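Student: What follows is a structure written as structure tokens; I'll ask about it next.
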Amino acid sequence: MKRIIIVGSGIAGDEAAFAAKKTDPAANVVIVTKDPCPLYSACVLADYIADEIPREHVLLRKESDYSRAGIELLMSTEVTAWKPEKSAIYINDREMPYDKLILAMGSRTFIPPIPGIDKKGIYSLKNLSDADSIKKAKGDKAVVVGSGPVGIEAAIALRKRGFSVILIELLGHILPSIFDAPVSQSIKKLLEENGIEVHTGERLLEIIGKDNAEKIKTDKNTYNCDLLVVVAGMRPVVKLAGEEGPPLGETGGIFVNEKMETAVENVFACGDCVESGDRLSGKKGIYMLCNNARLQGKTAGINAAGGNLQYPGSINVTTVDIFNTGAAAIGTMAGKCSEDDIKIIHRQSHLGELRLIFRNNCLIGAQTLGRVDIIGGILKILLKKGIIGNSLNINRAMELWSLRNFKREIINTLNIKI
């Protein structure tokens, strides 16, 4: 009987396990995870913190789901060694041989090495236990360091819980890897209108307090806090049990091919720990989004069980809810292009805000605030042509955009004859 072991029980590992079992019902499929609970949704942790959903709604599976499917789930279990030459992992002194191994180890929060970072009252927001800890925290002053999507969600959740919240970002505007400055400024305004104090261009230098975090010091100011949430980016987990992991790609994730095979024989990888290609731009990167992890896991599971499926590439649509106003982005930011290389249309109306980035009359990126529904139509157009740099029917694209006055503006700006 073939044994397929999956290390990690997030969305990628879970999808891999069920896909493998469906592909080969006779296979012995085992999930090994450090988590003390079955699969849960990391996307709703902020809603749980804000008391908008109960804890049970965070969980996506029960233990019985795995046993019913014939999958062995080993929770609160850590791999202590890996010997690829023996095709085996180890849990303490127990050897677990495998025929195929799937690494779905996910990512970890980056914690900056600053004085005082080990004090009590400092939290991250990566997993369910983090959310549980934040919900139990007492006080009325909170500081969130890092303004990526998780930092924004944490700040909003704490504000909804009644905390006064200060959000601090090292770079010049919030959500800096997703939105250009003009849309970011609109999001910042929404946060401030809802009581969140936003500071950009500030570096965290020190956390002050005897045992607990009581204040933080930046290069510009000092702020009091009862709790501190640090979400200064995510890093892929690429090593197993402290051993050298499989070879990495150029951007630091585990290298995999289109079948999610690593460079180590009989070893696959999927989810936040892998490097993949962006389906729109073709660029390599570590794209930590749920939809990518799910399809990568399915691909790894099917192929580990003897199937033949290719991962088409990652689709990176990021959405953030800002006090019930949606923001979304897809494709390339203008800030990552040469100014001479692109044309930008940025318009606001009562319907919302839309920023379009073009290169050679081809749409390469879009950002919206208040009208996230149009991102789906834009994505369909981009995918229809495959790579985003190919020809794009601008007229067809405009038909899907609900902001009617954009059509003439796009034509005039790009000198397109229709």
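Every chain in the structure tokens has a letter given in the order shown (A, B, ...), and although residue numbers restart at 1 in each chain, ligands are simply numbered from 1 in the order shown.
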If you take only C-alpha atoms and a cut-off of 12 Å, which residues of segment 130-184 of chain A touch segment 102-126 of chain A, and what are their nearest atom pairs and distances in Å to one decimal, in chain and number order, as JSON lines?
Tutor:
{"residue": "A:Asp130", "atom": "CA", "partner": "A:Leu125", "partner_atom": "CA", "distance": 5.3}
{"residue": "A:Ala131", "atom": "CA", "partner": "A:Leu125", "partner_atom": "CA", "distance": 6.2}
{"residue": "A:Asp132", "atom": "CA", "partner": "A:Leu125", "partner_atom": "CA", "distance": 9.7}
{"residue": "A:Ser133", "atom": "CA", "partner": "A:Tyr123", "partner_atom": "CA", "distance": 7.7}
{"residue": "A:Ile134", "atom": "CA", "partner": "A:Tyr123", "partner_atom": "CA", "distance": 7.0}
{"residue": "A:Lys135", "atom": "CA", "partner": "A:Tyr123", "partner_atom": "CA", "distance": 10.8}
{"residue": "A:Lys136", "atom": "CA", "partner": "A:Gly121", "partner_atom": "CA", "distance": 10.7}
{"residue": "A:Ala137", "atom": "CA", "partner": "A:Gly121", "partner_atom": "CA", "distance": 7.7}
{"residue": "A:Lys138", "atom": "CA", "partner": "A:Gly121", "partner_atom": "CA", "distance": 9.3}
{"residue": "A:Gly139", "atom": "CA", "partner": "A:Gly121", "partner_atom": "CA", "distance": 10.3}
{"residue": "A:Lys141", "atom": "CA", "partner": "A:Gly121", "partner_atom": "CA", "distance": 11.6}
{"residue": "A:Ala142", "atom": "CA", "partner": "A:Gly121", "partner_atom": "CA", "distance": 10.1}
{"residue": "A:Val143", "atom": "CA", "partner": "A:Ile122", "partner_atom": "CA", "distance": 9.7}
{"residue": "A:Val144", "atom": "CA", "partner": "A:Ser124", "partner_atom": "CA", "distance": 9.4}
{"residue": "A:Val145", "atom": "CA", "partner": "A:Ser124", "partner_atom": "CA", "distance": 9.8}
{"residue": "A:Gly146", "atom": "CA", "partner": "A:Phe110", "partner_atom": "CA", "distance": 10.3}
{"residue": "A:Gly148", "atom": "CA", "partner": "A:Leu125", "partner_atom": "CA", "distance": 11.7}
{"residue": "A:Pro149", "atom": "CA", "partner": "A:Leu125", "partner_atom": "CA", "distance": 11.0}
{"residue": "A:Val150", "atom": "CA", "partner": "A:Leu125", "partner_atom": "CA", "distance": 7.2}
{"residue": "A:Gly151", "atom": "CA", "partner": "A:Leu125", "partner_atom": "CA", "distance": 8.2}
{"residue": "A:Ile152", "atom": "CA", "partner": "A:Leu125", "partner_atom": "CA", "distance": 11.1}
{"residue": "A:Glu153", "atom": "CA", "partner": "A:Leu125", "partner_atom": "CA", "distance": 9.5}
{"residue": "A:Ala154", "atom": "CA", "partner": "A:Leu125", "partner_atom": "CA", "distance": 7.4}
{"residue": "A:Ala155", "atom": "CA", "partner": "A:Leu125", "partner_atom": "CA", "distance": 10.9}
{"residue": "A:Ala157", "atom": "CA", "partner": "A:Leu125", "partner_atom": "CA", "distance": 11.3}
{"residue": "A:Leu158", "atom": "CA", "partner": "A:Leu125", "partner_atom": "CA", "distance": 11.9}
{"residue": "A:Leu170", "atom": "CA", "partner": "A:Pro112", "partner_atom": "CA", "distance": 12.0}
Student: Tell me, which residues of segment 1-223 of chain A carry DSSP strand (DSSP E or B), written as a ChimeraX atom specification?
Tutor: /A:3-7,28-32,40,59,71-74,81-83,88-91,94-97,100-103,107-109,120,122-123,141-145,164-169,196-200,204-208,212,215-218,222-223
Student: Determine, counting only C-alpha atoms, which protein, DNA and RNA residues have an atom within 10 Å of an atom of segment 264-266 of chain A; residues of the same chain fewer than 6 positions away are not included. Present the result as number ranges by chain.
Tutor: A: 4, 84-85, 87, 98-102, 245-247, 255-256, 304
Student: Selected residues, N, CA and C atoms, written as a PDB file, in the first residue's frame, please.
Tutor:
ATOM      1  N   ILE A   4       1.381   8.137   1.570  1.00  0.00           N
ATOM      2  CA  ILE A   4       1.603   9.531   1.220  1.00  0.00           C
ATOM      3  C   ILE A   4       1.506  10.343   2.506  1.00  0.00           C
ATOM      4  N   PRO A  84      15.736  12.112   3.668  1.00  0.00           N
ATOM      5  CA  PRO A  84      15.265  11.833   2.309  1.00  0.00           C
ATOM      6  C   PRO A  84      15.936  10.623   1.673  1.00  0.00           C
ATOM      7  N   GLU A  85      17.179  10.333   2.082  1.00  0.00           N
ATOM      8  CA  GLU A  85      17.861   9.176   1.512  1.00  0.00           C
ATOM      9  C   GLU A  85      17.201   7.864   1.934  1.00  0.00           C
ATOM     10  N   SER A  87      13.820   7.955   2.603  1.00  0.00           N
ATOM     11  CA  SER A  87      12.399   8.227   2.352  1.00  0.00           C
ATOM     12  C   SER A  87      11.602   8.062   3.643  1.00  0.00           C
ATOM     13  N   TYR A  98       7.842   6.820   3.854  1.00  0.00           N
ATOM     14  CA  TYR A  98       6.833   7.286   2.907  1.00  0.00           C
ATOM     15  C   TYR A  98       7.218   6.858   1.494  1.00  0.00           C
ATOM     16  N   ASP A  99       6.216   6.759   0.661  1.00  0.00           N
ATOM     17  CA  ASP A  99       6.454   6.601  -0.775  1.00  0.00           C
ATOM     18  C   ASP A  99       6.493   7.973  -1.441  1.00  0.00           C
ATOM     19  N   LYS A 100       5.596   8.849  -0.982  1.00  0.00           N
ATOM     20  CA  LYS A 100       5.580  10.228  -1.451  1.00  0.00           C
ATOM     21  C   LYS A 100       5.422  11.152  -0.242  1.00  0.00           C
ATOM     22  N   LEU A 101       6.127  12.268  -0.285  1.00  0.00           N
ATOM     23  CA  LEU A 101       6.053  13.255   0.792  1.00  0.00           C
ATOM     24  C   LEU A 101       5.606  14.588   0.191  1.00  0.00           C
ATOM     25  N   ILE A 102       4.630  15.231   0.834  1.00  0.00           N
ATOM     26  CA  ILE A 102       4.150  16.533   0.390  1.00  0.00           C
ATOM     27  C   ILE A 102       4.422  17.549   1.494  1.00  0.00           C
ATOM     28  N   GLY A 245      16.221  21.930   3.675  1.00  0.00           N
ATOM     29  CA  GLY A 245      15.058  21.525   2.910  1.00  0.00           C
ATOM     30  C   GLY A 245      15.416  21.314   1.447  1.00  0.00           C
ATOM     31  N   PRO A 246      14.402  21.153   0.605  1.00  0.00           N
ATOM     32  CA  PRO A 246      14.647  21.023  -0.835  1.00  0.00           C
ATOM     33  C   PRO A 246      15.248  22.315  -1.384  1.00  0.00           C
ATOM     34  N   PRO A 247      15.861  22.268  -2.549  1.00  0.00           N
ATOM     35  CA  PRO A 247      16.426  23.490  -3.151  1.00  0.00           C
ATOM     36  C   PRO A 247      15.366  24.577  -3.325  1.00  0.00           C
ATOM     37  N   PHE A 255      11.582  25.438  -4.635  1.00  0.00           N
ATOM     38  CA  PHE A 255      11.451  25.299  -6.085  1.00  0.00           C
ATOM     39  C   PHE A 255      10.572  24.089  -6.415  1.00  0.00           C
ATOM     40  N   VAL A 256       9.569  24.295  -7.260  1.00  0.00           N
ATOM     41  CA  VAL A 256       8.718  23.207  -7.741  1.00  0.00           C
ATOM     42  C   VAL A 256       8.499  23.391  -9.240  1.00  0.00           C
ATOM     43  N   ALA A 304       0.993  13.098  -6.483  1.00  0.00           N
ATOM     44  CA  ALA A 304       1.644  12.187  -5.536  1.00  0.00           C
ATOM     45  C   ALA A 304       0.947  10.828  -5.522  1.00  0.00           C
TER      46      ALA A 304
END
Student: So how far away is atom CA of Tyr287 of chain A from atom CA of Ser129 of chain A, in Å?
Tutor: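 It comes out at 23.5 Å.
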Student: Do you know which residues are at most 10 Å from Asn257 of chain A counting only C-alpha atoms, after dropping those on the same chain fewer than 3 positions away, and could you put them as a PyMOL selection string?
Tutor: chain A and resi 260-263+268-269+275-277+310-311
